[in-house]
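J.: Dropping a structure here in structure tokens format, bear with me for questions.
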Amino acid sequence: METFLAVVHNGSSSAAARILGITQPAVSLQLGKLEKAIGFGLFTRTSSGQALTPKGRLFLDEAENVLRAVRKLGDVTAGIRGNELGALTVAGHPSAAISMLPMVVARFGQLFPDVRLRMINRTSEEILSYFPGTGVDVAVCELPRDLAGVTVRRYRLRTVAILPADHPLAAREALTPTDLSGLPFVAMPAERMISHRVRLAFDESGAEYRPVAEVDFFASICSLVASGYGVSIVDIFSARSFAGAGLVARPFAPAIPYEIAVLSVPDRPQSELTSAFLNIL
């Protein structure tokens, strides 16, 4: 199924072979075995490569679900296997894993050079689906609800307005919704709390909120803004991480907090290491 998905996402067996590091005949052999096992063809040949058959398109969704489950099982087993003194497993949602946790992990590694640390990058939804039932010791994610048997520390991070470095508003010391009124805005999806708060701030100021894209992760938003594709509001850590990429950050009023939670499980064997990591965080 991994081979099947590699062909789907890369357009041809030859491209999938390069990505997987195997030969094209090996890819064809794997696909043949899969088609024999499931009892129907997955691809038809086209002038530009390979296209999914109607049954192949239906099979695609299930194959991706299965491999997500396998990946989750790998996280669980690796966490359980490493759940001992001298090892620590940390899970972070993308914003934390890219912009915040690397600094913490680096400092932790300096203080505990002999400790084996594993960092998992998953969405908040994925983290909450299996925490605390795995070997994950600390998790950082968005948390709409409390969890039984879990120690929850909630934090409100400051957000800032971000602009391309050559934007005329970059000369301002601080920005408001009125300043950003009508400008193309790179937004978080509407179902996220931070997106709702941003929209509310614009509405209450009588400013025009004009989202031109919805993007799931702050890191991607920062990259888009740095490339000149609109303006946005992100957490301070994400903005700092992209400061050298042609991005400027300015204080934004009214204050819009971005809430995250740090999760841990009390009374684990490596609680000393967990406490040390939490203190650094």
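In the structure tokens, the first chain shown is A, the next is B, and so on; residue numbers restart at 1 for each chain, and ligands run from 1 in the order shown.
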As an MDAnalysis selection string, list the residues of region 19-226 of chain A assigned to strand (DSSP E) by DSSP on the backbone atoms of this structure.
T.: chainID A and resid 43:46 49:52 87:92 116:121 138:141 151:157 159:164 184:187 210:214
J.: Phe242 (chain A): which residues within 10 Å, counting only C-alpha atoms, same-chain residues fewer than 5 positions away excluded, as a list in words?
T.: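 Answer for this query is Ser99, Ile162, Ala219, Cys222, Ser223, Ala226, Phe237, Leu247, Val248 and Ala249 of chain A.
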J.: When you count only C-alpha atoms, which of these residues is closest to Asp137 (chain A): A:Pro177, A:Gly92, A:Gly41, A:Pro25?
T.: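 Under the stated criterion, the closest residue is A:Gly92.
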J.: Leaving out Pro257 (chain A) and any residue of its chain fewer than 5 positions from it, which residues lie within 7 Å of it when counting only C-alpha atoms, given as an mmCIF file with all heavy atoms, in the first residue's frame?
T.:
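Final output, around26.cif:
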```
data_model
loop_
_atom_site.group_PDB
_atom_site.id
_atom_site.type_symbol
_atom_site.label_atom_id
_atom_site.label_comp_id
_atom_site.auth_asym_id
_atom_site.auth_seq_id
_atom_site.Cartn_x
_atom_site.Cartn_y
_atom_site.Cartn_z
ATOM 1 N N ARG A 156 -1.460 31.087 27.325
ATOM 2 C CA ARG A 156 -1.984 32.020 26.313
ATOM 3 C C ARG A 156 -0.778 32.734 25.710
ATOM 4 O O ARG A 156 -0.131 33.550 26.369
ATOM 5 C CB ARG A 156 -2.951 33.022 26.944
ATOM 6 C CG ARG A 156 -4.070 32.383 27.742
ATOM 7 C CD ARG A 156 -5.031 33.421 28.279
ATOM 8 N NE ARG A 156 -6.189 33.523 27.388
ATOM 9 C CZ ARG A 156 -7.045 34.531 27.415
ATOM 10 N NH1 ARG A 156 -6.843 35.543 28.245
ATOM 11 N NH2 ARG A 156 -8.084 34.544 26.613
ATOM 12 N N LEU A 157 -0.469 32.408 24.461
ATOM 13 C CA LEU A 157 0.670 33.005 23.787
ATOM 14 C C LEU A 157 0.253 34.309 23.118
ATOM 15 O O LEU A 157 -0.868 34.439 22.635
ATOM 16 C CB LEU A 157 1.224 32.055 22.728
ATOM 17 C CG LEU A 157 1.603 30.643 23.195
ATOM 18 C CD1 LEU A 157 2.220 29.880 22.042
ATOM 19 C CD2 LEU A 157 2.558 30.689 24.382
ATOM 20 N N ARG A 158 1.180 35.250 23.089
ATOM 21 C CA ARG A 158 0.934 36.511 22.411
ATOM 22 C C ARG A 158 0.959 36.310 20.907
ATOM 23 O O ARG A 158 1.760 35.532 20.382
ATOM 24 C CB ARG A 158 1.998 37.530 22.832
ATOM 25 C CG ARG A 158 1.817 38.922 22.263
ATOM 26 C CD ARG A 158 2.614 39.944 23.074
ATOM 27 N NE ARG A 158 4.018 39.611 23.157
ATOM 28 C CZ ARG A 158 4.948 40.107 22.322
ATOM 29 N NH1 ARG A 158 4.584 40.930 21.347
ATOM 30 N NH2 ARG A 158 6.200 39.788 22.470
ATOM 31 N N THR A 159 0.102 36.987 20.190
ATOM 32 C CA THR A 159 0.139 36.957 18.734
ATOM 33 C C THR A 159 0.616 38.297 18.203
ATOM 34 O O THR A 159 0.522 39.321 18.888
ATOM 35 C CB THR A 159 -1.237 36.635 18.126
ATOM 36 O OG1 THR A 159 -2.187 37.622 18.534
ATOM 37 C CG2 THR A 159 -1.715 35.250 18.550
#
```
J.: Using only C-alpha atoms, which residues sit within 9 Å of region 193-206 of chain A once same-chain residues fewer than 2 positions away are excluded, as a list in words?
T.: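 My reading of the contact set: Thr176, Pro177, Thr178, Leu180, Ser181, Ala187, Met188, Pro189, Ala190, Glu191, Glu208, Tyr209, Ile233, Val234, Ala253, Pro254, Ala255, Ile256, Pro257, Tyr258 and Glu259 of chain A.
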J.: Using only C-alpha atoms, find the one residue out of A:Leu42, A:Leu143, A:Leu224, A:Leu5 that sits nearest to Leu58 (chain A).
T.: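 Ranked by minimum distance to Leu58 (chain A), first place goes to A:Leu42.
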